[in-house]
Amino acid sequence: MDTTTHYAGIIKRVIQKYAQFTPSHGQIRLDTVFDEQQNRYALMQVGWERGRRVRGNIIYVTLHDQKVWVEYDGIETGIITDLIAEGIPEEHIILAFLPERQLAKNI
């Protein structure tokens with residue numbers, strides 16, 4: 001199994017774990033979005049709270065150059081610990097949401 005396929009499986013497992021949670025407020029559902037052709041993986045929230053529409057990413061991760069790019073992490077405790085615990089080496093995880101100066105330290 002190649003690195004990309006292996007990492008994709010881990011990312012999907014971690015996102016699916018978070019998708020099982022039920023939001024504590026509003027009428028909000030959590031949707032997984034897996035685009036295996038382009039190596040894009042997301043957890044979205046969609047619904048209503050107090051008469052207002054709720055929608056957007058909770059998690060957005062991409063795979064590029066055999067590295068895991070965490071583009072957005074809206075999980076309170078962060079998903080990086082989960083990714084490492086599942087077998088992705090810390091040095092293969094890029095925190096893409098950090099400014100470029102800080103991002104260079106993570107590569």
# chains A, B, ... in the order shown; residues from 1 in each chain; ligands from 1
>>> select_by_dssp(residues="chain A", states="strand (DSSP E)", output="PyMOL selection string")
chain A and resi 27-35+40-49+52-64+67-73+93-95
>>> write_last_selection(atoms="N, CA and C atoms", output="CSV table (one decimal), in the first residue's frame")
chain,number,residue,atom,x,y,z
A,27,GLN,N,-30.2,22.4,15.2
A,27,GLN,CA,-30.5,21.2,14.4
A,27,GLN,C,-29.5,21.2,13.3
A,28,ILE,N,-28.4,20.6,13.7
A,28,ILE,CA,-27.2,20.6,12.8
A,28,ILE,C,-26.8,19.2,12.6
A,29,ARG,N,-26.5,18.9,11.3
A,29,ARG,CA,-25.9,17.5,11.0
A,29,ARG,C,-24.5,17.7,10.6
A,30,LEU,N,-23.8,16.6,10.7
A,30,LEU,CA,-22.4,16.6,10.3
A,30,LEU,C,-22.2,15.7,9.1
A,31,ASP,N,-21.6,16.2,8.0
A,31,ASP,CA,-21.5,15.4,6.8
A,31,ASP,C,-20.0,15.2,6.5
A,32,THR,N,-19.6,14.0,6.2
A,32,THR,CA,-18.2,13.7,5.7
A,32,THR,C,-18.2,14.0,4.2
A,33,VAL,N,-17.1,14.5,3.7
A,33,VAL,CA,-16.9,14.8,2.3
A,33,VAL,C,-15.5,14.2,1.9
A,34,PHE,N,-15.5,13.1,1.1
A,34,PHE,CA,-14.3,12.5,0.8
A,34,PHE,C,-14.1,12.5,-0.7
A,35,ASP,N,-13.1,13.3,-1.2
A,35,ASP,CA,-12.9,13.3,-2.7
A,35,ASP,C,-11.5,12.6,-2.9
A,40,ARG,N,-8.9,15.1,-1.1
A,40,ARG,CA,-9.5,16.2,-0.2
A,40,ARG,C,-10.5,15.5,0.7
A,41,TYR,N,-10.4,15.8,2.0
A,41,TYR,CA,-11.2,15.2,3.0
A,41,TYR,C,-11.7,16.3,4.0
A,42,ALA,N,-13.0,16.2,4.2
A,42,ALA,CA,-13.6,17.3,5.1
A,42,ALA,C,-14.8,16.8,5.9
A,43,LEU,N,-15.0,17.5,7.0
A,43,LEU,CA,-16.2,17.3,7.8
A,43,LEU,C,-16.9,18.6,7.8
A,44,MET,N,-18.1,18.6,7.4
A,44,MET,CA,-18.9,19.8,7.3
A,44,MET,C,-20.1,19.8,8.3
A,45,GLN,N,-20.5,21.0,8.7
A,45,GLN,CA,-21.7,21.2,9.5
A,45,GLN,C,-22.7,21.9,8.7
A,46,VAL,N,-23.9,21.4,8.8
A,46,VAL,CA,-25.0,22.0,8.0
A,46,VAL,C,-26.3,22.0,8.8
A,47,GLY,N,-27.0,23.1,8.9
A,47,GLY,CA,-28.3,23.0,9.6
A,47,GLY,C,-28.7,24.4,10.0
A,48,TRP,N,-29.5,24.4,11.1
A,48,TRP,CA,-30.1,25.7,11.7
A,48,TRP,C,-29.9,25.8,13.2
A,49,GLU,N,-29.6,27.0,13.6
A,49,GLU,CA,-29.5,27.3,15.0
A,49,GLU,C,-30.1,28.6,15.3
A,52,ARG,N,-31.0,30.8,12.4
A,52,ARG,CA,-29.9,31.2,11.5
A,52,ARG,C,-29.3,29.9,10.8
A,53,ARG,N,-28.9,30.0,9.6
A,53,ARG,CA,-28.3,28.9,8.9
A,53,ARG,C,-26.9,28.7,9.4
A,54,VAL,N,-26.5,27.5,9.6
A,54,VAL,CA,-25.2,27.1,10.0
A,54,VAL,C,-24.6,26.3,8.9
A,55,ARG,N,-23.4,26.6,8.4
A,55,ARG,CA,-22.8,25.8,7.4
A,55,ARG,C,-21.3,26.1,7.4
A,56,GLY,N,-20.5,25.1,7.1
A,56,GLY,CA,-19.0,25.3,6.9
A,56,GLY,C,-18.2,24.2,7.4
A,57,ASN,N,-16.9,24.3,7.2
A,57,ASN,CA,-16.0,23.2,7.5
A,57,ASN,C,-15.8,23.2,9.0
A,58,ILE,N,-15.6,22.0,9.5
A,58,ILE,CA,-15.1,21.7,10.8
A,58,ILE,C,-13.7,21.2,10.7
A,59,ILE,N,-13.5,20.3,9.7
A,59,ILE,CA,-12.2,19.8,9.4
A,59,ILE,C,-12.0,19.8,7.9
A,60,TYR,N,-10.8,20.2,7.4
A,60,TYR,CA,-10.5,20.1,6.0
A,60,TYR,C,-9.0,19.7,5.9
A,61,VAL,N,-8.7,18.6,5.3
A,61,VAL,CA,-7.4,18.0,5.2
A,61,VAL,C,-7.2,17.6,3.7
A,62,THR,N,-6.0,17.9,3.2
A,62,THR,CA,-5.6,17.5,1.9
A,62,THR,C,-4.3,16.7,1.9
A,63,LEU,N,-4.1,15.9,0.9
A,63,LEU,CA,-2.8,15.1,0.8
A,63,LEU,C,-2.1,15.7,-0.4
A,64,HIS,N,-0.8,16.0,-0.2
A,64,HIS,CA,0.0,16.6,-1.3
A,64,HIS,C,1.5,16.2,-1.0
A,67,LYS,N,2.5,14.2,2.0
A,67,LYS,CA,2.3,14.9,3.3
A,67,LYS,C,0.8,15.1,3.6
A,68,VAL,N,0.5,15.2,4.8
A,68,VAL,CA,-0.9,15.5,5.2
A,68,VAL,C,-1.0,17.0,5.6
A,69,TRP,N,-1.8,17.8,4.8
A,69,TRP,CA,-1.9,19.2,5.0
A,69,TRP,C,-3.2,19.5,5.7
A,70,VAL,N,-3.1,19.9,7.0
A,70,VAL,CA,-4.3,20.3,7.7
A,70,VAL,C,-4.6,21.7,7.4
A,71,GLU,N,-5.6,21.9,6.5
A,71,GLU,CA,-6.0,23.2,6.0
A,71,GLU,C,-6.9,23.9,7.0
A,72,TYR,N,-7.7,23.2,7.7
A,72,TYR,CA,-8.6,23.8,8.7
A,72,TYR,C,-8.9,22.8,9.8
A,73,ASP,N,-8.8,23.2,11.0
A,73,ASP,CA,-9.0,22.3,12.1
A,73,ASP,C,-9.9,23.0,13.1
A,93,ILE,N,3.0,15.9,8.8
A,93,ILE,CA,1.8,16.7,9.0
A,93,ILE,C,2.2,18.2,8.9
A,94,ILE,N,1.5,18.8,8.0
A,94,ILE,CA,1.8,20.3,7.7
A,94,ILE,C,0.6,21.0,8.3
A,95,LEU,N,0.8,22.0,9.1
A,95,LEU,CA,-0.3,22.9,9.6
A,95,LEU,C,-0.4,24.1,8.6
>>> closest_atom_pairs(of="region 25-91 of chain A", to="region 6-13 of chain A", cutoff="7 Å", atoms="only C-alpha atoms", output="CSV")
residue,atom,partner,partner_atom,distance
A:Leu83,CA,A:Ile11,CA,6.9
A:Glu86,CA,A:Ile10,CA,6.4
A:Ile88,CA,A:Tyr7,CA,6.8
>>> write_last_selection(atoms="all heavy atoms", output="PDB file, in the first residue's frame")
ATOM      1  N   LEU A  83      -4.304  11.973  14.343  1.00  0.00           N
ATOM      2  CA  LEU A  83      -3.578  11.533  13.151  1.00  0.00           C
ATOM      3  C   LEU A  83      -2.263  10.848  13.527  1.00  0.00           C
ATOM      4  O   LEU A  83      -1.909   9.801  12.981  1.00  0.00           O
ATOM      5  CB  LEU A  83      -3.316  12.714  12.215  1.00  0.00           C
ATOM      6  CG  LEU A  83      -4.549  13.389  11.613  1.00  0.00           C
ATOM      7  CD1 LEU A  83      -4.154  14.648  10.847  1.00  0.00           C
ATOM      8  CD2 LEU A  83      -5.334  12.438  10.732  1.00  0.00           C
ATOM      9  N   GLU A  86      -2.853   7.443  15.097  1.00  0.00           N
ATOM     10  CA  GLU A  86      -3.256   6.451  14.093  1.00  0.00           C
ATOM     11  C   GLU A  86      -2.093   6.035  13.186  1.00  0.00           C
ATOM     12  O   GLU A  86      -2.266   5.169  12.339  1.00  0.00           O
ATOM     13  CB  GLU A  86      -4.400   6.990  13.250  1.00  0.00           C
ATOM     14  CG  GLU A  86      -5.717   7.095  13.984  1.00  0.00           C
ATOM     15  CD  GLU A  86      -6.392   5.745  14.192  1.00  0.00           C
ATOM     16  OE1 GLU A  86      -6.196   4.832  13.354  1.00  0.00           O
ATOM     17  OE2 GLU A  86      -7.107   5.612  15.186  1.00  0.00           O
ATOM     18  N   ILE A  88       0.370   8.395  11.500  1.00  0.00           N
ATOM     19  CA  ILE A  88       1.004   9.362  10.584  1.00  0.00           C
ATOM     20  C   ILE A  88       2.129  10.059  11.352  1.00  0.00           C
ATOM     21  O   ILE A  88       1.884  10.670  12.390  1.00  0.00           O
ATOM     22  CB  ILE A  88      -0.017  10.392  10.046  1.00  0.00           C
ATOM     23  CG1 ILE A  88      -1.097   9.676   9.233  1.00  0.00           C
ATOM     24  CG2 ILE A  88       0.697  11.451   9.204  1.00  0.00           C
ATOM     25  CD1 ILE A  88      -2.209  10.571   8.730  1.00  0.00           C
TER      26      ILE A  88
END
>>> select_by_dssp(residues="chain A", states="helix (DSSP H, G or I)", output="number ranges by chain")
A: 3-19, 80-85, 90-92, 100-106
>>> atom_distance(atom1="CA of Ala96 (chain A)", atom2="CA of Gln66 (chain A)")
14.4 Å
>>> atom_distance(atom1="CA of Asp65 (chain A)", atom2="CA of Thr4 (chain A)")
8.7 Å
>>> closest_residue(among="A:Leu98, A:Ala85, A:Ile75, A:Ile80", to="Tyr18 (chain A)", atoms="only C-alpha atoms")
A:Ile75
